[in-house]
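Since the structure comes first, as structure tokens, the remarks are kept for the end.
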Amino acid sequence: MKEKITPVDFNELGQFISLVESELFTDSFSENTIRADLQLRRNKDVLNQWQTSALSDKKRIYIQELNKWLDGTNKVLNLVQTHQSWDSELIARCERCKNQANTLLNIVRSFR
């Protein structure tokens with residue numbers, strides 16, 4: 001049985017990358033938001049004079065979500081490079097998102 005190949009909608013891929021850009025650079029997963037959130041959770045631990053799991057739980061959530069954004073971006077990047085390699089603007093946007101997601105993952109993982 002042959003597998004049905006669905007055509008790639010590059011407009012939808014562009015919209016997805018726009019969403020990723022919004023999330024990673026200005027919204028809930030921006031560098032400032034993540035740093036402030038993790039700092040707040042660490043400060044609560046210090047004020048309470050004991051270690052809670054709030055910081056480690058939040059780090060785990062950030063890592064899971066950022067990995068989802070990174071995975072989606074990598075899939076889009078692979079599709080664009082394979083089927084529409086001439087679209088250097090979309091490729092550059094994907095690369096920028098991929099780099100930002102990796103930067104954010106490094107921030108979260110190294111936060112103590």
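Chain identifiers are assigned as A, B, and so on, following the order in which chains appear in the structure tokens; residues are numbered from 1 within each chain, and ligands are numbered from 1 in order of appearance.
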
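Using only C-alpha atoms, the protein and nucleic acid residues lying no more than 12 Å from Thr103 (chain A), apart from those fewer than 3 places from it along its own chain, are Leu24, Phe25, Phe29, Ser30, Glu31, Ile34, Ile63, Leu66, Asn67, Leu70, Arg96, Cys97, Lys98, Asn99, Gln100, Asn106, Ile107, Val108, Arg109 and Ser110 of chain A.
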
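Residues with any atom within 10 Å of region 52-59 of chain A, counting only C-alpha atoms and excluding same-chain neighbours fewer than 3 positions away, are Ile34, Asp37, Leu38, Gln39, Leu40, Arg41, Arg42, Asn43, Lys44, Asp45, Val46, Asn48, Gln49, Tyr62, Ile63, Gln64, Glu65, Leu105, Ile107, Val108, Arg109, Ser110, Phe111 and Arg112 of chain A.
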
Next item on the list: May I ask which of the residues A:Glu89, A:Glu95, A:Glu23, A:Glu12 is the closest one to Leu77 (chain A), counting only C-alpha atoms?
Entry: A:Glu95

Check: Which residue gives the smallest distance to Ala92 (chain A) among A:Ile17, A:Asp71, A:Thr33, A:Phe10, with only C-alpha atoms counted?
Finding: A:Ile17
